[in-house]
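Participant: TSV, C-alpha atoms and all ligand atoms, file structure.tsv:
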```
chain	number	residue	atom	x	y	z
A	1	MET	CA	5.87	7.20	55.21
A	2	ILE	CA	6.17	3.41	54.84
A	3	ASP	CA	5.25	1.84	51.52
A	4	LEU	CA	4.19	-1.80	51.75
A	5	ARG	CA	2.43	-2.05	48.39
A	6	SER	CA	4.96	-4.45	46.90
A	7	ASP	CA	8.44	-5.93	47.19
A	8	THR	CA	9.05	-4.60	43.68
A	9	LEU	CA	9.60	-1.21	45.35
A	10	THR	CA	13.12	-2.21	46.40
A	11	LEU	CA	15.85	0.20	45.32
A	12	PRO	CA	19.33	-1.08	44.50
A	13	THR	CA	21.65	-0.83	47.50
A	14	PRO	CA	25.01	0.98	47.23
A	15	GLY	CA	26.80	-2.38	46.95
A	16	MET	CA	24.47	-3.48	44.17
A	17	ARG	CA	24.95	-0.19	42.29
A	18	GLU	CA	28.71	-0.64	42.56
A	19	ALA	CA	28.44	-4.17	41.13
A	20	MET	CA	26.36	-2.82	38.24
A	21	LEU	CA	28.86	-0.06	37.55
A	22	THR	CA	31.84	-2.38	37.24
A	23	ALA	CA	30.24	-5.39	35.48
A	24	PRO	CA	31.93	-6.65	32.29
A	25	LEU	CA	29.46	-6.19	29.40
A	26	GLY	CA	28.89	-7.40	25.85
A	27	ASP	CA	26.11	-7.78	23.29
A	28	ASP	CA	23.66	-10.38	24.59
A	29	VAL	CA	21.96	-10.83	21.20
A	30	TYR	CA	25.30	-12.35	20.18
A	31	ALA	CA	25.28	-14.21	23.57
A	32	GLU	CA	28.43	-12.25	24.39
A	33	ASP	CA	27.53	-10.51	27.62
A	34	PRO	CA	29.70	-12.29	30.21
A	35	THR	CA	27.66	-11.05	33.15
A	36	ILE	CA	24.37	-12.30	31.67
A	37	ASN	CA	26.01	-15.60	30.73
A	38	GLU	CA	27.22	-15.99	34.30
A	39	LEU	CA	23.81	-15.21	35.80
A	40	GLU	CA	22.08	-17.62	33.39
A	41	ARG	CA	24.59	-20.37	34.18
A	42	ARG	CA	24.45	-19.79	37.92
A	43	THR	CA	20.66	-19.58	38.22
A	44	ALA	CA	20.14	-22.70	36.11
A	45	ALA	CA	22.68	-24.58	38.24
A	46	LEU	CA	20.99	-23.48	41.47
A	47	LEU	CA	17.71	-24.91	40.20
A	48	GLY	CA	19.30	-28.06	38.77
A	49	HIS	CA	18.51	-27.19	35.15
A	50	GLU	CA	20.72	-27.02	32.07
A	51	ALA	CA	20.23	-23.46	30.89
A	52	GLY	CA	18.72	-20.07	31.64
A	53	LEU	CA	17.36	-17.10	29.72
A	54	PHE	CA	17.55	-13.66	31.33
A	55	CYS	CA	14.33	-11.71	30.70
A	56	ALA	CA	13.13	-8.18	31.37
A	57	THR	CA	10.18	-9.35	33.46
A	58	GLY	CA	8.72	-12.36	35.21
A	59	SER	CA	5.71	-12.04	32.94
A	60	LEU	CA	7.96	-12.57	29.91
A	61	ALA	CA	9.70	-15.53	31.56
A	62	ASN	CA	6.28	-17.08	32.34
A	63	LEU	CA	5.01	-16.36	28.82
A	64	LEU	CA	8.01	-18.13	27.28
A	65	GLY	CA	8.04	-20.94	29.84
A	66	VAL	CA	4.38	-21.87	29.43
A	67	ARG	CA	4.72	-21.72	25.64
A	68	LEU	CA	7.51	-24.31	25.78
A	69	LEU	CA	4.99	-26.75	27.23
A	70	VAL	CA	1.75	-25.70	25.55
A	71	GLU	CA	0.96	-25.42	21.81
A	72	PRO	CA	-1.54	-22.82	20.53
A	73	GLY	CA	-5.06	-24.14	21.12
A	74	GLN	CA	-4.05	-26.26	24.09
A	75	GLU	CA	-4.62	-25.39	27.74
A	76	VAL	CA	-2.64	-24.78	30.90
A	77	LEU	CA	-4.36	-25.43	34.23
A	78	CYS	CA	-3.66	-23.03	37.08
A	79	ASP	CA	-5.06	-21.37	40.18
A	80	ALA	CA	-7.86	-18.83	39.65
A	81	ALA	CA	-5.75	-16.19	41.41
A	82	ALA	CA	-2.50	-17.10	39.63
A	83	HIS	CA	-0.33	-14.28	38.34
A	84	ILE	CA	-0.36	-15.87	34.87
A	85	ALA	CA	-4.17	-15.78	34.87
A	86	ARG	CA	-4.78	-12.42	36.52
A	87	ALA	CA	-1.78	-10.16	36.09
A	88	GLU	CA	-0.20	-10.87	32.72
A	89	MET	CA	-2.74	-8.98	30.64
A	90	GLY	CA	-3.99	-12.09	28.86
A	91	ALA	CA	-0.61	-12.50	27.15
A	92	HIS	CA	-0.70	-16.30	27.09
A	93	ALA	CA	-3.90	-16.14	25.04
A	94	ALA	CA	-3.27	-12.92	23.13
A	95	VAL	CA	0.28	-13.78	22.05
A	96	HIS	CA	0.51	-17.57	22.09
A	97	GLY	CA	-3.07	-18.84	21.68
A	98	VAL	CA	-2.89	-20.68	25.01
A	99	THR	CA	-6.14	-21.17	26.90
A	100	MET	CA	-6.52	-21.63	30.66
A	101	ARG	CA	-8.81	-23.48	33.01
A	102	THR	CA	-8.56	-22.43	36.60
A	103	VAL	CA	-9.09	-23.96	40.03
A	104	SER	CA	-10.38	-21.84	42.91
A	105	SER	CA	-8.50	-22.66	46.07
A	106	ALA	CA	-7.98	-21.52	49.64
A	107	ASP	CA	-4.95	-19.19	49.85
A	108	GLY	CA	-3.67	-20.36	46.46
A	109	LEU	CA	-2.74	-23.79	47.81
A	110	VAL	CA	-2.43	-26.49	45.16
A	111	ASP	CA	-5.52	-28.70	45.20
A	112	LEU	CA	-4.18	-31.98	43.91
A	113	ALA	CA	-7.57	-33.68	43.60
A	114	ALA	CA	-8.96	-30.78	41.57
A	115	TYR	CA	-6.10	-30.97	39.06
A	116	GLU	CA	-6.45	-34.73	38.88
A	117	ALA	CA	-10.10	-34.33	38.00
A	118	MET	CA	-9.43	-31.64	35.39
A	119	LEU	CA	-6.37	-33.08	33.65
A	120	SER	CA	-7.39	-33.86	30.12
A	121	PRO	CA	-4.36	-34.74	28.01
A	122	ASN	CA	-4.95	-35.94	24.44
A	123	ALA	CA	-8.59	-34.95	24.71
A	124	GLY	CA	-9.39	-35.85	21.12
A	125	PRO	CA	-11.34	-33.90	18.51
A	126	HIS	CA	-14.04	-32.39	20.76
A	127	LEU	CA	-12.29	-31.04	23.85
A	128	VAL	CA	-9.26	-28.90	24.60
A	129	SER	CA	-6.19	-30.92	25.52
A	130	THR	CA	-4.30	-30.13	28.71
A	131	ALA	CA	-0.61	-29.65	28.01
A	132	ALA	CA	0.62	-28.20	31.30
A	133	VAL	CA	-0.17	-27.27	34.88
A	134	ALA	CA	1.34	-24.05	36.24
A	135	VAL	CA	2.03	-23.60	39.95
A	136	GLU	CA	2.91	-20.43	41.84
A	137	ASN	CA	5.29	-20.71	44.82
A	138	THR	CA	5.05	-18.66	46.88
A	139	HIS	CA	1.52	-17.71	45.92
A	140	ASN	CA	1.23	-13.95	45.60
A	141	PHE	CA	-2.49	-13.18	45.82
A	142	GLY	CA	-2.96	-16.15	48.15
A	143	GLY	CA	-0.89	-14.24	50.73
A	144	GLY	CA	2.66	-15.43	50.19
A	145	THR	CA	1.55	-19.03	50.63
A	146	VAL	CA	4.23	-21.71	50.56
A	147	GLN	CA	3.16	-24.83	48.67
A	148	PRO	CA	3.88	-28.01	50.69
A	149	TYR	CA	6.77	-29.81	49.00
A	150	GLU	CA	5.05	-33.18	49.14
A	151	THR	CA	2.06	-31.80	47.22
A	152	LEU	CA	4.32	-30.36	44.53
A	153	ALA	CA	6.13	-33.68	44.21
A	154	GLU	CA	2.83	-35.53	43.84
A	155	LEU	CA	1.55	-33.03	41.29
A	156	SER	CA	4.74	-33.34	39.26
A	157	GLU	CA	4.53	-37.13	39.29
A	158	LEU	CA	0.85	-37.09	38.39
A	159	CYS	CA	1.35	-34.71	35.46
A	160	HIS	CA	4.42	-36.43	34.11
A	161	SER	CA	2.71	-39.83	34.31
A	162	VAL	CA	0.17	-38.63	31.74
A	163	GLY	CA	2.57	-36.61	29.59
A	164	VAL	CA	1.56	-33.18	30.91
A	165	GLY	CA	4.26	-30.57	31.60
A	166	VAL	CA	4.67	-28.59	34.82
A	167	HIS	CA	5.66	-24.93	34.95
A	168	LEU	CA	6.66	-23.14	38.14
A	169	ASP	CA	6.02	-19.43	38.49
A	170	GLY	CA	8.75	-19.02	41.07
A	171	ALA	CA	8.80	-15.23	41.17
A	172	ARG	CA	9.23	-15.67	44.94
A	173	LEU	CA	10.65	-19.18	45.03
A	174	TRP	CA	13.52	-17.62	47.02
A	175	ASN	CA	11.03	-16.84	49.78
A	176	ALA	CA	9.68	-20.40	49.78
A	177	HIS	CA	13.26	-21.67	49.99
A	178	ALA	CA	14.03	-19.27	52.86
A	179	ALA	CA	10.87	-20.26	54.75
A	180	THR	CA	11.19	-24.04	54.37
A	181	GLY	CA	14.90	-24.70	53.93
A	182	VAL	CA	14.05	-26.93	50.95
A	183	PRO	CA	17.03	-26.64	48.55
A	184	LEU	CA	16.27	-24.74	45.33
A	185	ALA	CA	17.37	-27.74	43.26
A	186	ASP	CA	14.81	-29.94	45.05
A	187	TYR	CA	12.08	-27.58	43.88
A	188	GLY	CA	13.77	-27.35	40.49
A	189	ARG	CA	13.74	-31.03	39.67
A	190	LEU	CA	9.93	-31.22	39.90
A	191	PHE	CA	9.35	-28.75	37.05
A	192	ASP	CA	10.07	-28.64	33.31
A	193	THR	CA	10.23	-24.85	33.14
A	194	ILE	CA	10.74	-22.33	35.95
A	195	SER	CA	10.66	-18.55	36.18
A	196	VAL	CA	12.29	-16.67	39.05
A	197	CYS	CA	12.46	-12.92	39.70
A	198	PHE	CA	15.43	-10.88	40.88
A	199	SER	CA	13.28	-7.76	41.03
A	200	LYS	CA	11.14	-8.69	44.05
A	201	GLY	CA	12.59	-9.56	47.43
A	202	LEU	CA	16.08	-10.00	46.01
A	203	GLY	CA	16.18	-6.27	45.40
A	204	ALA	CA	17.44	-5.99	41.82
A	205	PRO	CA	15.94	-3.13	39.79
A	206	VAL	CA	14.98	-5.31	36.79
A	207	GLY	CA	15.22	-8.90	35.70
A	208	SER	CA	13.87	-12.44	35.81
A	209	MET	CA	15.16	-15.81	34.65
A	210	LEU	CA	13.58	-18.70	32.80
A	211	VAL	CA	15.34	-22.02	33.30
A	212	SER	CA	14.79	-25.33	31.53
A	213	SER	CA	16.67	-27.79	29.31
A	214	ALA	CA	19.26	-26.40	26.87
A	215	ALA	CA	17.02	-27.33	23.92
A	216	ASN	CA	14.02	-25.54	25.46
A	217	ILE	CA	16.03	-22.42	26.27
A	218	ALA	CA	17.31	-22.27	22.67
A	219	LYS	CA	13.69	-22.18	21.48
A	220	ALA	CA	12.70	-19.61	24.08
A	221	ARG	CA	15.64	-17.40	23.02
A	222	VAL	CA	14.20	-17.22	19.49
A	223	ARG	CA	10.72	-16.40	20.78
A	224	ARG	CA	12.06	-13.76	23.17
A	225	LYS	CA	13.73	-11.99	20.21
A	226	ARG	CA	10.51	-12.31	18.19
A	227	LEU	CA	8.68	-10.46	20.97
A	228	GLY	CA	11.24	-7.67	20.91
A	229	GLY	CA	12.85	-8.96	24.08
A	230	GLY	CA	16.41	-9.35	22.77
A	231	TRP	CA	18.68	-6.93	24.57
A	232	ARG	CA	22.24	-5.82	24.33
A	233	GLN	CA	24.50	-4.84	27.28
A	234	ALA	CA	21.85	-5.89	29.77
A	235	GLY	CA	24.63	-7.39	31.88
A	236	ILE	CA	24.43	-4.13	33.77
A	237	LEU	CA	21.14	-5.54	35.08
A	238	ALA	CA	22.38	-9.11	35.41
A	239	ALA	CA	25.13	-7.77	37.69
A	240	ALA	CA	22.40	-6.75	40.11
A	241	GLY	CA	21.02	-10.29	39.94
A	242	LEU	CA	24.42	-11.82	40.72
A	243	TYR	CA	24.87	-9.40	43.60
A	244	ALA	CA	21.42	-10.35	44.89
A	245	LEU	CA	22.23	-14.07	44.82
A	246	ASP	CA	25.34	-13.39	46.89
A	247	HIS	CA	23.87	-10.93	49.39
A	248	HIS	CA	20.07	-10.94	49.46
A	249	VAL	CA	18.85	-14.53	49.64
A	250	ASP	CA	19.75	-15.27	53.25
A	251	ARG	CA	18.29	-11.99	54.50
A	252	LEU	CA	14.76	-12.88	53.25
A	253	ALA	CA	14.12	-14.36	56.70
A	254	GLU	CA	14.17	-10.77	58.01
A	255	ASP	CA	11.32	-9.86	55.64
A	256	HIS	CA	9.35	-12.86	56.84
A	257	LEU	CA	9.79	-11.80	60.46
A	258	ALA	CA	8.71	-8.24	59.58
A	259	ALA	CA	5.57	-9.56	57.85
A	260	SER	CA	4.73	-11.68	60.85
A	261	LEU	CA	5.13	-8.68	63.19
A	262	PHE	CA	2.91	-6.60	60.89
A	263	ALA	CA	0.20	-9.28	60.88
A	264	ARG	CA	0.37	-9.67	64.67
A	265	ALA	CA	0.00	-5.93	65.15
A	266	VAL	CA	-3.06	-5.88	62.88
A	267	ALA	CA	-4.63	-8.93	64.51
A	268	GLU	CA	-4.19	-7.50	68.01
A	269	GLN	CA	-6.89	-4.94	67.23
A	270	ALA	CA	-8.67	-6.57	64.29
A	271	PRO	CA	-8.43	-10.35	64.77
A	272	GLY	CA	-10.87	-11.02	61.94
A	273	ALA	CA	-8.60	-9.39	59.37
A	274	VAL	CA	-5.79	-11.92	59.41
A	275	ASP	CA	-4.60	-15.03	61.21
A	276	PRO	CA	-0.91	-14.33	61.87
A	277	GLU	CA	-0.25	-18.07	61.99
A	278	THR	CA	-0.93	-18.24	58.25
A	279	VAL	CA	1.73	-15.64	57.40
A	280	ALA	CA	4.59	-17.77	56.13
A	281	THR	CA	6.68	-15.36	54.05
A	282	ASN	CA	6.76	-11.64	53.18
A	283	ILE	CA	3.15	-11.10	52.02
A	284	VAL	CA	0.17	-10.40	54.27
A	285	VAL	CA	-3.34	-10.39	52.86
A	286	LEU	CA	-5.97	-8.67	55.02
A	287	ASP	CA	-9.74	-9.12	54.95
A	288	THR	CA	-11.32	-5.71	55.55
A	289	GLY	CA	-14.71	-7.21	56.45
A	290	GLU	CA	-17.51	-4.65	56.18
A	291	ARG	CA	-15.17	-1.86	55.09
A	292	PRO	CA	-14.28	-1.29	51.43
A	293	ALA	CA	-10.56	-2.01	51.02
A	294	ALA	CA	-9.98	1.17	49.00
A	295	GLU	CA	-11.42	3.27	51.85
A	296	VAL	CA	-9.13	1.63	54.42
A	297	ALA	CA	-6.13	2.04	52.11
A	298	ALA	CA	-6.92	5.75	51.68
A	299	ALA	CA	-7.26	6.25	55.45
A	300	ALA	CA	-3.96	4.41	56.01
A	301	LEU	CA	-2.26	6.62	53.44
A	302	ASP	CA	-3.36	9.69	55.44
A	303	GLU	CA	-1.43	8.17	58.34
A	304	GLY	CA	1.67	7.47	56.29
A	305	VAL	CA	1.12	3.77	55.50
A	306	ARG	CA	0.71	2.62	51.92
A	307	VAL	CA	-0.82	-0.78	51.17
A	308	SER	CA	-2.53	-2.17	48.04
A	309	ALA	CA	-6.28	-2.64	47.71
A	310	LEU	CA	-6.31	-5.75	45.54
A	311	GLY	CA	-9.98	-6.64	45.85
A	312	PRO	CA	-13.18	-5.02	47.14
A	313	ARG	CA	-12.44	-6.36	50.65
A	314	MET	CA	-8.78	-7.33	50.29
A	315	LEU	CA	-5.65	-5.42	51.23
A	316	ARG	CA	-2.12	-6.64	50.61
A	317	ALA	CA	1.03	-5.61	52.45
A	318	VAL	CA	4.46	-6.82	51.40
A	319	THR	CA	7.74	-6.50	53.31
A	320	TYR	CA	11.14	-6.11	51.67
A	321	LEU	CA	14.69	-4.89	52.26
A	322	GLY	CA	13.75	-1.21	52.22
A	323	VAL	CA	11.60	-1.38	55.36
A	324	THR	CA	12.51	-2.36	58.91
A	325	ALA	CA	10.70	-4.76	61.23
A	326	ASP	CA	9.91	-1.86	63.57
A	327	GLN	CA	8.35	0.17	60.76
A	328	CYS	CA	6.27	-2.85	59.73
A	329	ALA	CA	5.02	-3.44	63.26
A	330	GLY	CA	4.11	0.26	63.49
A	331	ALA	CA	2.27	0.09	60.17
A	332	GLY	CA	0.35	-2.94	61.44
A	333	THR	CA	-0.77	-0.98	64.49
A	334	VAL	CA	-2.11	1.81	62.24
A	335	ILE	CA	-4.01	-0.60	59.99
A	336	GLY	CA	-5.30	-2.59	62.94
A	337	ARG	CA	-6.73	0.55	64.51
A	338	LEU	CA	-8.41	1.56	61.24
A	339	LEU	CA	-9.96	-1.87	60.83
A	340	ARG	CA	-11.24	-1.86	64.40
A	341	SER	CA	-12.96	1.52	64.21
A	401	LIG	C1	5.76	-10.20	40.18
A	401	LIG	C2	5.32	-11.54	39.74
A	401	LIG	C3	5.60	-12.02	38.45
A	401	LIG	C4	6.32	-11.20	37.41
A	401	LIG	O1	5.97	-9.89	37.36
A	401	LIG	P1	6.68	-8.84	36.40
A	401	LIG	O2	6.18	-7.56	36.90
A	401	LIG	O3	6.26	-9.18	35.03
A	401	LIG	O4	8.16	-9.02	36.57
A	401	LIG	C5	5.19	-13.29	38.14
A	401	LIG	N1	4.55	-14.05	39.03
A	401	LIG	C6	4.27	-13.64	40.27
A	401	LIG	C7	3.58	-14.54	41.21
A	401	LIG	C8	4.63	-12.36	40.67
A	401	LIG	O5	4.33	-11.95	41.91
```
Please express the file's structure as structure tokens.

Facilitator:
Amino acid sequence: MIDLRSDTLTLPTPGMREAMLTAPLGDDVYAEDPTINELERRTAALLGHEAGLFCATGSLANLLGVRLLVEPGQEVLCDAAAHIARAEMGAHAAVHGVTMRTVSSADGLVDLAAYEAMLSPNAGPHLVSTAAVAVENTHNFGGGTVQPYETLAELSELCHSVGVGVHLDGARLWNAHAATGVPLADYGRLFDTISVCFSKGLGAPVGSMLVSSAANIAKARVRRKRLGGGWRQAGILAAAGLYALDHHVDRLAEDHLAASLFARAVAEQAPGAVDPETVATNIVVLDTGERPAAEVAAAALDEGVRVSALGPRMLRAVTYLGVTADQCAGAGTVIGRLLRS
């Protein structure tokens, strides 16, 4: 059995478990957990920001990050398939009164002209004012798409020139960094608020980080507590994050190779399902054509391959440190055969 539904399926390695077991701990609501403090300091520094806030989930880090830029009744612009729009259970609206307008794009790629046309800061008494644009890099439902750095830089400049904030949902920013070689701090300086996950490709069991200015993080810390997100000796989880930064960033290239081999194996038999050239990181999105995705996923499961049916005609496979390149290539052969027949 090979399970390619998500890179959240990673289990902590023996080395990571050992790091968790021996981590110095304290009460983080008093800001006295040394392991959390270290992970917050280190992650913020990597991204060129002043401060970090360790959160239970990427959804929470996004919720707090967007709220730093957007007041209730204002809007954030984002991709129609963005995680914040599709997979956070409406939290930005339900909890913070933030509205969204979305842009439909190919593969989740930032469409600069579309944002330029939609930006509506200080919209006056009749229209909703735009307070932020949120970008996802890599783009999950777009198929692990890496946003071109130049586009991000132009978007940041455009937004900042009209007083609009920019949030990065960097759940898999590590993968973008691994694929492009662009330093994390170069991504970091384009954005006012950034979320990153340790619980995806980095292999930690739990945990994400919001980074921003010290003043912003102080505000977010209050709001996190208000939402019930204050936690105590969570350094046991932060230790996994620190271990991941030391041991699991460089190896992401292996996941990218495995995803590419998977896509090639599929395309060999079902070339219409995916163009392997577009697979840049650890996520492969497949078009099942005439066949319902759920039916193909069920047939694959019978043959020991688990993938996600994320749309009526869309399957997603994700590689991570628990699966080998050989297994992924074999899984691709199974799916390719099912899509051909
Ligand atoms: C996984 C993910 C998140 C955060 O998800 P949680 O399950 O809340 O940790 C945020 N954005 C993207 C793009 C993701 O893939």

Participant: If you take every atom of segment 316-327 of chain A that the file lists and fit an axis-aligned box around them with 3 Å extra on each side, what centre and edge lengths come out in Å to one decimal, as JSON?

Facilitator:
```
{"center_x": 6.3, "center_y": -3.3, "center_z": 57.1, "size_x": 22.8, "size_y": 13.0, "size_z": 19.0}
```

Participant: Do a neighbour search on Leu77 of chain A at 6 Å with all atoms listed in the file, toss out local chain neighbours closer than 6 positions, and write the hits as a list of chain:residue names.

Facilitator: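 Listed by chain and then number, they are A:Met100, A:Arg101, A:Thr102, A:Val133.
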
Participant: Would you give me, as a Markdown table, each residue of chain A having an atom within 6 Å of an atom of ligand LIG 401 (chain A), along with its shortest atom pair and that distance in Å to one decimal, using all atoms listed in the file and sorting by chain and residue number?

Facilitator:
```
| residue | atom | partner | partner_atom | distance |
| --- | --- | --- | --- | --- |
| A:Thr57 | CA | A:LIG401 | O4 | 3.7 |
| A:Gly58 | CA | A:LIG401 | C4 | 3.5 |
| A:Ser59 | CA | A:LIG401 | O3 | 3.6 |
| A:His83 | CA | A:LIG401 | C7 | 4.9 |
| A:Glu136 | CA | A:LIG401 | C7 | 6.0 |
| A:Asn140 | CA | A:LIG401 | C7 | 5.0 |
| A:Asp169 | CA | A:LIG401 | N1 | 5.6 |
| A:Ala171 | CA | A:LIG401 | C6 | 4.9 |
```

Participant: Might you pull out every residue within 7 Å of segment 193-202 of chain A, with all atoms listed in the file counted and same-chain residues fewer than 6 positions away left off, and present them as a VMD selection string?

Facilitator: chain A and resid 7 to 8 58 61 to 62 65 166 to 173 208 to 212 241 244 248 to 249 320

Participant: Using only C-alpha atoms, which residues sit within 7 Å of Ile217 of chain A once same-chain residues fewer than 6 positions away are excluded, as a list in words?

Facilitator: Ala51, Gly52 and Leu53 of chain A

Participant: Taking 2 positions as the minimum chain separation for residues in the same chain, which residues sit within 12 Å of Glu268 of chain A when counting all atoms listed in the file? Answer as a list in words.

Facilitator: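 Within the cut-off, the hits are Leu261, Phe262, Ala263, Arg264, Ala265, Val266, Ala270, Pro271, Gly272, Ala273, Val274, Asp275, Pro276, Ala329, Gly332, Thr333, Val334, Ile335, Gly336, Arg337, Leu339 and Arg340 of chain A.
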
Participant: Counting all atoms listed in the file, which of A:Gly322, A:Gly235, A:Pro148, A:Gly165 gets nearest to His177 of chain A?

Facilitator: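 That would be A:Pro148, the residue with the smallest distance to His177 of chain A.
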
Participant: Residues within 10 Å of Gly229 of chain A, please, as a list in words. Count only C-alpha atoms; anything in the same chain fewer than 2 positions from it doesn't count.

Facilitator: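 The residues that qualify are Val29, Phe54, Cys55, Ala56, Thr57, Leu60, Arg221, Val222, Arg223, Arg224, Lys225, Arg226, Leu227, Trp231 and Arg232 of chain A.
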
Participant: Taking all atoms listed in the file into account, which of A:Leu109, A:Leu321, A:Leu127, A:Val98 comes nearest Thr278 of chain A?

Facilitator: A:Leu109

Participant: Any idea what the distance is between atom CA of Leu286 of chain A and atom CA of Met314 of chain A?

Facilitator: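 Pair atom CA of Leu286 of chain A / atom CA of Met314 of chain A returns 5.7 Å.
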
Participant: For atom CA of Ala81 of chain A and atom CA of Leu4 of chain A, quote the distance in Å rounded to one decimal.

Facilitator: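 Straight-line distance from atom CA of Ala81 of chain A to atom CA of Leu4 of chain A works out to 20.3 Å.
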
Participant: Just how far from atom CA of Ala131 of chain A is atom CA of Val164 of chain A, in Å to one decimal?

Facilitator: 5.1 Å

Participant: At a cut-off of 12 Å, can you tabulate as JSON lines every residue of segment 5-119 of chain A near segment 293-311 of chain A together with its closest atom pair and the distance in Å to one decimal, using only C-alpha atoms and ordering rows by chain then number?

Facilitator:
```
{"residue": "A:Arg5", "atom": "CA", "partner": "A:Val307", "partner_atom": "CA", "distance": 4.5}
{"residue": "A:Ser6", "atom": "CA", "partner": "A:Ser308", "partner_atom": "CA", "distance": 7.9}
{"residue": "A:Asp7", "atom": "CA", "partner": "A:Val307", "partner_atom": "CA", "distance": 11.3}
{"residue": "A:Leu9", "atom": "CA", "partner": "A:Arg306", "partner_atom": "CA", "distance": 11.7}
{"residue": "A:Ala81", "atom": "CA", "partner": "A:Leu310", "partner_atom": "CA", "distance": 11.2}
{"residue": "A:Arg86", "atom": "CA", "partner": "A:Leu310", "partner_atom": "CA", "distance": 11.3}
{"residue": "A:Ala87", "atom": "CA", "partner": "A:Leu310", "partner_atom": "CA", "distance": 11.4}
```

Participant: Write the selection just made, keeping C-alpha atoms, as a CSV table (one decimal), in the coordinates of the input?

Facilitator:
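Output contents, as saved in selection.csv:
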```
chain,number,residue,atom,x,y,z
A,5,ARG,CA,2.4,-2.0,48.4
A,6,SER,CA,5.0,-4.4,46.9
A,7,ASP,CA,8.4,-5.9,47.2
A,9,LEU,CA,9.6,-1.2,45.4
A,81,ALA,CA,-5.8,-16.2,41.4
A,86,ARG,CA,-4.8,-12.4,36.5
A,87,ALA,CA,-1.8,-10.2,36.1
```

Participant: Just checking: using all atoms listed in the file, which residue out of A:Gln327, A:Gln74, A:Leu155, A:Glu38 ends up closest to Pro125 of chain A?

Facilitator: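 Smallest separation from Pro125 of chain A among the options: A:Gln74.
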
Participant: For a cut-off of 8 Å around (4.4, -26.9, 24.7), file coordinates, pick out all residues using all atoms listed in the file and list them as a PDB file with C-alpha atoms, in the frame of the given file.

Facilitator:
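Listed below is the output, out18.pdb:
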```
ATOM      1  CA  VAL A  66       4.380 -21.870  29.430  1.00  0.00           C
ATOM      2  CA  ARG A  67       4.720 -21.720  25.640  1.00  0.00           C
ATOM      3  CA  LEU A  68       7.510 -24.310  25.780  1.00  0.00           C
ATOM      4  CA  LEU A  69       4.990 -26.750  27.230  1.00  0.00           C
ATOM      5  CA  VAL A  70       1.750 -25.700  25.550  1.00  0.00           C
ATOM      6  CA  GLU A  71       0.960 -25.420  21.810  1.00  0.00           C
ATOM      7  CA  ALA A 131      -0.610 -29.650  28.010  1.00  0.00           C
ATOM      8  CA  ALA A 132       0.620 -28.200  31.300  1.00  0.00           C
ATOM      9  CA  GLY A 165       4.260 -30.570  31.600  1.00  0.00           C
TER      10      GLY A 165
END
```
